[in-house]
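Below: the structure, in structure tokens.
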Amino acid sequence: MIVVLAVLALASVLVPFLARYMGGRVFFVASAVALGGFIHTLALSPAVLTSVADAPVERLSWIPQLQLTLDLRMDALSWLLTLIVTGIGALVLLYCGTYFRPTDPTVGRFAAVLLAFVGAMYGLVVADDVYLLFVMWEATSVFSYLLIGHYTSRRASRGAALEALITTTVGGLVMLVGLVILAVQAGSSSIPVILAETPSGALTTTAIFLVLVGALSKSAIVPLHFWLPGAMAAPTPVSAYLHAAAMVKAGVFLVLRLAPAFADVPGWRLALVALGVATMVLGGWAALRQTDLKLLLAYGTVSQLGFLVVISGYGTRDTALAAAALLLAHALFKSGLFLIVGIIDVEAGTRDLRALTGLGRRMPVVAGIAALLLASMAGVPPLFGFVAKEAVLHGLLVAAAPADGAGDPVALAALIGVVLGSTLTVAYALRFFWGAFRTKPGVTALADDVRARPSMTVASAVLATASLALGPLAALAHRGLREVAALAPARPRAYEYELALWHGVGLELGLSILTIAGGVGMFLARTRVERLQARLSTGVDASDAYWRTMSGVDRIANRVTTLTQRGSLPFYLAVILSVFVLGTGAALVFTDTWPTDVRLWDTPAQVAVGAVMIGAAIAATRAEKRFAALIVVGVTGFGMTAIFAMGGAPDLAITQALVEIVTLIAFILVLRRLPARLGDRHGSTHKLLRAIIGISVGVVMALVALVASASRTAEPISAAWPALSRVIGHGANVVNVALVDLRAWDTMGELAVVIAAATGVASLLFLRGRTDSLPRVPRAELERTVRDRLARDARGSQRSAWILAGLTLDPRNRSILLEVVVRLTFHAVIVLSLYLLFAGHNLPGGGFAGGLVAGLALVARYLAGGRYELGAAAPFSAGALLGAGILIATGYALAPLFVGAEVMTSTYFEGQLWLLGDVEFVTSTIFDIGVYLVVVGLVLDVLRSLGAEVDRQGRGGQALTVGGDASAPLGASEGAR
């Protein structure tokens, strides 16, 4: 099973590439792959059908450390659905080879997605774990979205695909909640364990009905049926497979899977019978109004799905056997009928039964195949549909009037509904055949060349033959389906029934004759029925209700967005901070956890630093210029650096200082493009309100810190970190070991956030596409240009620049002192950053601090020589650094899995190196290298976007002019002055 799933996945990836060379013939390759799955399932038949307890099980241990496994199980029910999924999938793919033009450029994509859907559906029915089942469940929704929306240029296709996706996906998410509850209640996510444990209680009842929401939405049961008729905008092969044999069967499959264990849950039978009967009757009634053959079959499918839900959910052995038979019969006749519609549509150019006439004479073979399939759908002997309908009637009759006299009124209601729905089925089956193949007087004859290609009839002929053969061979079908019934609990007289073409004269046969006669009568009186339908029409359409609901949601979203997303950052902050103050303040009011012993400071120096920080914070609110406000805000950050240092945390002090410097530079880069004075363009308003909010936030945050410090009752794990750092991390620097070893998962998440933030900032600033390269100027070109300029400048000096790109700056903006300092210190700073990287495991430093130091070296090059100097200093892209860093970090995290260890397991190596003596290397340093590269890439990305790109935009995209580049040092910019 795992091999089949892997082959289907691999083939779906390779098919688009094969389509480039094979064109439409690639469908035959895809069909062969699906056929291989069918043959494999047949090979498992002896093992599957021998005993329920001995069903083949396969388990692939994916990540044992995380207890992630791929559990697959092939029991009788999975076996039946797998045969349908792979067998009919192979026929539909074969049919696609003649349905699509060989030169159609979309055939590769379509074949790949359809084959991927086969794989997802295969995985769904053999899944032995509720979470794997959910993953495959949602995968079928995604693939169905792509298949329904295959005609991307058609608005109807896109809308129908979105309608189906939203309906089935929302239902699937609701189902997930129920599956999680069941897994928790049973103590396992294994489906057999959940069914064996059969948890009970109000919580279980709630979970079961949540699961039913997903199942009923997938199988298009009222009131969630509207997406299925809309999905007829898809190519006909999609309808023949997804909406007849595969996707819509998923909900029925899940109901049939759960019914043996949960059929006695309060409300289960009543809900399924009520919704199923309503779906069967409404779908059949709507099918009689359709003039499009495909829509007629679509509403007929809705009706038949209601039929399946009624019998699948009842939970007895007889009804389980009947449900399995009906499931198979429906897949055969409905898939074949959709393929017939595809033949008519392709050859006649229309599906409108009012425009079709004489096709019975022009396509006698197609008409014969359709007659067999329609007879099976109507339950006419000797077709297999008749056998299945007889089994359904028997199962409901036994439940409604058992031998012991304890009848079930729900079963009686289901029986009445099934008889009425089956009558409608006969009526719309006759309407289909009459509309498609009857010669109608007064209708314009079709073109003379309208004929059916024999190659297009193969798939539907196979399905019709199977429907015909399984009727007389019902005993053989019973041998294959009886194990499905064995999953249900035994009841009196429940297992005496066997599938057969003839059970003698009985009530079941009488009801079958009644439905056929009633359906024929409705068809003959179709004119009166149409008038009655016109009078009873309410004008309410479920699909229209869906779209009105979605439009209403859009209008509400637009209104809410208009009210809340005003483009005002102060407004956003006011809302966020006010909610924080009110919510957290209310929680503080009702807390009784307050500290009894508060220590205000450890040393008087902390009081002095705190006073400076408070003064700087107040000064920031009074500053009139942006640069001055930035400087005093920076004082508070450096005050924190001093507090960390006095608290004995050199790593934190170093990191805080570096972060503060980089932050100040980033702010300055932004300030260059803003007015120098605060309020020049937009003056501050509501100052008192802002002050109240700010003070309130500060007070609440201080109280939160006090309450949090008093709420700790257990010994913190951080107290053990020094020992853990030595034993686990093999390092003496607790801070760095914690970052790259003890809590490396947190660091991994922070790296992802850093990359997302860098990408977001850069994407906002790059106006012409996010290129990832800085300007490079060859030295020879620079020197030649400089010599020419100096030759024209009598005052020029013959000395060369200390840094290459210094020649690109206007002489008025150059600082020779800065160039000299940068030239002399750059490489030393880079070496210092590498020292901090490799020494950080035992001494203050680490990848984060080292990366910031290296970033500051790049900042210095940019300040001294502008964007061209930054390009010379960093001859690589920021994206490459960010990507390499996260790749190294994740590679280090996953590498231990390949040697049987847990994720992020570290080790160390010791040895002697020449000149260096004893050397110790801890593998977590590799993770630290990834951190280092990400931080350097972040700083480079900030310099490229807020620095170099802003410079380029300020120049208006002009080419380099030596001696006149606008990428001047920051002191020369208007905003900085």
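By convention here, the chains of the structure tokens are called A, B, ... in the order presented, each chain's residues are numbered starting at 1, and ligands are numbered starting at 1 in the order presented.
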Excluding His503 in chain A and its own-chain neighbours fewer than 5 positions away, which residues fall within 10 Å of it when counting only C-alpha atoms? Please give them as a VMD selection string. chain A and resid 387 390 497 to 498 508 to 509
Those residues you just picked out, can you put them in a file as a PDB file, in the first residue's frame with C-alpha atoms?
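And here's result-v2.pdb as it stands now:
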ATOM      1  CA  VAL A 387     -29.782  -6.172  -6.535  1.00  0.00           C
ATOM      2  CA  GLU A 390     -33.527  -4.904  -3.121  1.00  0.00           C
ATOM      3  CA  TYR A 497     -29.713 -12.009   3.905  1.00  0.00           C
ATOM      4  CA  GLU A 498     -27.409 -12.502   0.934  1.00  0.00           C
ATOM      5  CA  GLU A 508     -39.104  -5.945  -1.398  1.00  0.00           C
ATOM      6  CA  LEU A 509     -40.001  -6.970  -4.947  1.00  0.00           C
TER       7      LEU A 509
END
Using DSSP secondary structure from the backbone, list all helix (DSSP H, G or I) positions within range 312-535 of chain A, as a PyMOL selection string. chain A and resi 312+317-348+359-362+364-378+384-400+409-437+454-469+474-486+507-524+526-535
Pick out the residues sitting within 9 Å of range 420-431 of chain A, and hand them over as a ChimeraX atom specification; count only C-alpha atoms, and ignore anything fewer than 6 positions along from it in its own chain. /A:277,280-285,287-288,296-297,300,303-304,307,374-375,377-379,389,512,514-524,526
Filtering to N, CA and C atoms, could you give me those residues as a compact mmCIF listing (two decimals), in the first residue's frame?
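File produced: part-v3.txt:
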# COMPACT_ATOMS: atom_id res chain seq x y z
N VAL A 277 -32.97 11.47 3.42
CA VAL A 277 -34.25 11.43 2.69
C VAL A 277 -34.52 12.77 2.04
N MET A 280 -32.36 13.02 -0.98
CA MET A 280 -32.79 12.12 -2.06
C MET A 280 -34.01 12.67 -2.78
N VAL A 281 -34.98 13.17 -2.02
CA VAL A 281 -36.21 13.67 -2.63
C VAL A 281 -35.97 15.00 -3.34
N LEU A 282 -35.29 15.93 -2.68
CA LEU A 282 -35.05 17.24 -3.31
C LEU A 282 -34.16 17.12 -4.53
N GLY A 283 -33.12 16.26 -4.46
CA GLY A 283 -32.26 16.07 -5.61
C GLY A 283 -32.99 15.47 -6.78
N GLY A 284 -33.81 14.44 -6.53
CA GLY A 284 -34.58 13.84 -7.61
C GLY A 284 -35.60 14.80 -8.20
N TRP A 285 -36.26 15.57 -7.35
CA TRP A 285 -37.24 16.56 -7.81
C TRP A 285 -36.57 17.62 -8.68
N ALA A 287 -33.77 17.21 -10.38
CA ALA A 287 -33.28 16.59 -11.62
C ALA A 287 -34.35 16.61 -12.71
N LEU A 288 -35.63 16.51 -12.32
CA LEU A 288 -36.71 16.50 -13.30
C LEU A 288 -36.89 17.85 -13.98
N LEU A 296 -28.66 17.37 -15.00
CA LEU A 296 -29.64 16.34 -14.63
C LEU A 296 -28.94 15.23 -13.85
N LEU A 297 -27.79 14.78 -14.35
CA LEU A 297 -27.04 13.75 -13.63
C LEU A 297 -26.49 14.28 -12.32
N GLY A 300 -29.20 14.22 -9.93
CA GLY A 300 -29.43 12.81 -9.67
C GLY A 300 -28.38 12.23 -8.73
N SER A 303 -29.22 13.20 -5.28
CA SER A 303 -30.28 12.33 -4.79
C SER A 303 -29.72 10.97 -4.37
N GLN A 304 -28.87 10.38 -5.18
CA GLN A 304 -28.32 9.07 -4.86
C GLN A 304 -27.39 9.12 -3.64
N PHE A 307 -29.53 8.82 -0.74
CA PHE A 307 -29.88 7.40 -0.65
C PHE A 307 -28.78 6.63 0.09
N LEU A 374 -28.69 3.36 -17.19
CA LEU A 374 -29.89 3.98 -16.63
C LEU A 374 -30.80 2.93 -15.98
N ALA A 375 -30.86 1.75 -16.57
CA ALA A 375 -31.66 0.69 -15.97
C ALA A 375 -31.10 0.27 -14.62
N MET A 377 -29.41 2.27 -12.63
CA MET A 377 -29.73 3.37 -11.72
C MET A 377 -31.19 3.32 -11.27
N ALA A 378 -32.07 2.93 -12.18
CA ALA A 378 -33.50 2.86 -11.84
C ALA A 378 -33.85 1.61 -11.06
N GLY A 379 -32.93 0.66 -10.95
CA GLY A 379 -33.22 -0.56 -10.21
C GLY A 379 -34.03 -1.56 -10.99
N LYS A 389 -30.71 -2.22 -4.72
CA LYS A 389 -31.94 -1.60 -4.20
C LYS A 389 -32.76 -2.61 -3.40
N SER A 512 -40.14 -2.55 -5.24
CA SER A 512 -39.36 -2.25 -6.44
C SER A 512 -40.27 -2.01 -7.63
N LEU A 514 -43.33 -1.08 -7.50
CA LEU A 514 -44.05 0.17 -7.25
C LEU A 514 -43.23 1.38 -7.67
N THR A 515 -41.95 1.39 -7.33
CA THR A 515 -41.11 2.54 -7.69
C THR A 515 -40.96 2.64 -9.20
N ILE A 516 -40.80 1.49 -9.88
CA ILE A 516 -40.65 1.54 -11.34
C ILE A 516 -41.93 2.03 -12.00
N ALA A 517 -43.05 1.51 -11.54
CA ALA A 517 -44.33 1.94 -12.11
C ALA A 517 -44.59 3.41 -11.82
N GLY A 518 -44.31 3.83 -10.61
CA GLY A 518 -44.51 5.24 -10.28
C GLY A 518 -43.63 6.16 -11.09
N GLY A 519 -42.36 5.75 -11.31
CA GLY A 519 -41.46 6.56 -12.10
C GLY A 519 -41.88 6.65 -13.54
N VAL A 520 -42.34 5.52 -14.11
CA VAL A 520 -42.83 5.54 -15.49
C VAL A 520 -44.04 6.45 -15.59
N GLY A 521 -44.93 6.37 -14.60
CA GLY A 521 -46.11 7.23 -14.62
C GLY A 521 -45.74 8.71 -14.55
N MET A 522 -44.77 9.06 -13.71
CA MET A 522 -44.33 10.46 -13.63
C MET A 522 -43.74 10.93 -14.94
N PHE A 523 -42.97 10.05 -15.60
CA PHE A 523 -42.38 10.44 -16.88
C PHE A 523 -43.47 10.64 -17.93
N LEU A 524 -44.43 9.74 -17.98
CA LEU A 524 -45.49 9.89 -18.97
C LEU A 524 -46.32 11.13 -18.71
N ARG A 526 -45.12 13.92 -17.62
CA ARG A 526 -44.09 14.92 -17.36
C ARG A 526 -44.57 16.35 -17.56
Quick one: everything within 10 Å of Leu706 in chain A, counting only C-alpha atoms, minus sequence neighbours fewer than 2 positions away in the same chain. Send it as a list in words.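 In the requested form, the answer reads Thr593, Trp594, Pro595, Thr596, Val598, Val700, Met701, Ala702, Leu703, Val704, Ala708, Ser709, Ala710 and Ser711 of chain A.
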When you look at His478 in chain A with a cut-off of 8 Å (counting only C-alpha atoms), what residues show up, excluding the ones that are within fewer than 2 positions of it in the same chain? I need them as a ChimeraX atom specification. /A:474-476,480-482,498-500
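Straight-line separation from CA of Gly24 in chain A to CA of Thr457 in chain A: 17.3 Å.
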Give me the residues near Leu834 in chain A as a list in words, where near means some atom within 10 Å (using only C-alpha atoms) and where sequence neighbours in that chain fewer than 5 positions away do not count. Ala828, Val829, Ala839, Gly840, Gly845, Gly846, Gly847, Ala849, Gly850, Gly851, Val853, Ala854, Ile929 and Tyr932 of chain A
Residues as selected, C-alpha atoms, written as a JSON list (two decimals), in the first residue's frame, can you do that?
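After the write, selection30.json holds the following:
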[["chain", "number", "residue", "atom", "x", "y", "z"],
["A", 828, "ALA", "CA", 39.85, 43.36, 12.06],
["A", 829, "VAL", "CA", 36.16, 43.73, 12.84],
["A", 839, "ALA", "CA", 34.33, 31.54, 21.20],
["A", 840, "GLY", "CA", 30.69, 32.07, 22.17],
["A", 845, "GLY", "CA", 29.71, 35.98, 22.21],
["A", 846, "GLY", "CA", 27.92, 33.62, 19.87],
["A", 847, "GLY", "CA", 26.47, 33.62, 16.38],
["A", 849, "ALA", "CA", 26.56, 38.80, 18.52],
["A", 850, "GLY", "CA", 29.18, 37.84, 15.91],
["A", 851, "GLY", "CA", 26.68, 38.40, 13.11],
["A", 853, "VAL", "CA", 29.51, 42.78, 14.62],
["A", 854, "ALA", "CA", 30.02, 41.64, 11.02],
["A", 929, "ILE", "CA", 26.98, 29.45, 12.06],
["A", 932, "TYR", "CA", 25.52, 34.11, 12.17]]
Of A:Ser551, A:Pro382, A:Val341, A:Arg257, the one nearest to Gly471 in chain A when counting only C-alpha atoms is A:Pro382
If you run DSSP on this backbone, which residues of range 8-168 of chain A come out as strand (DSSP E), and could you give them as number ranges by chain? A: 57-63, 68-73
Quick one: everything within 9 Å of Leu42 in chain A, counting only C-alpha atoms, minus sequence neighbours fewer than 4 positions away in the same chain. Send it as a ChimeraX atom specification. /A:37-38,46,79,83
Would you mind exporting the chosen residues as a compact mmCIF listing (two decimals), in the first residue's frame, restricted to C-alpha atoms?
# COMPACT_ATOMS: atom_id res chain seq x y z
CA GLY A 37 -3.06 0.08 -8.05
CA PHE A 38 -6.23 -1.78 -9.02
CA PRO A 46 -7.58 -13.21 -0.31
CA TRP A 79 -10.71 -2.74 -0.29
CA LEU A 83 -11.11 -0.95 -6.19
Restricting the calculation to only C-alpha atoms, which member of A:Ala872, A:Ala164, A:Ala47, A:Val265 is positioned closest to Pro199 in chain A?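 Under the stated criterion, the closest residue is A:Val265.
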With distances taken over only C-alpha atoms, which of A:Gly149, A:Pro896, A:Pro192, A:Pro570 is nearest to Ala127 in chain A?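 Comparing A:Gly149, A:Pro896, A:Pro192, A:Pro570 against Ala127 in chain A, the winner is A:Pro192.
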Separation of CA of Val740 in chain A from CA of Gly900 in chain A, in Å and rounded to one decimal: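 CA of Gly900 in chain A lies 20.4 Å from CA of Val740 in chain A.
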Name the closest residue to Ala485 in chain A among the candidates A:Thr527, A:Thr69, A:Thr319, A:Thr907; distances are taken between atoms, counting only C-alpha atoms.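 Selected residue with least distance to Ala485 in chain A: A:Thr319.
For the choices A:Leu894, A:Ile181, A:Ile191, A:Ile88, the atom-to-atom distance to Ala244 in chain A is smallest for A:Ile88 when using only C-alpha atoms.
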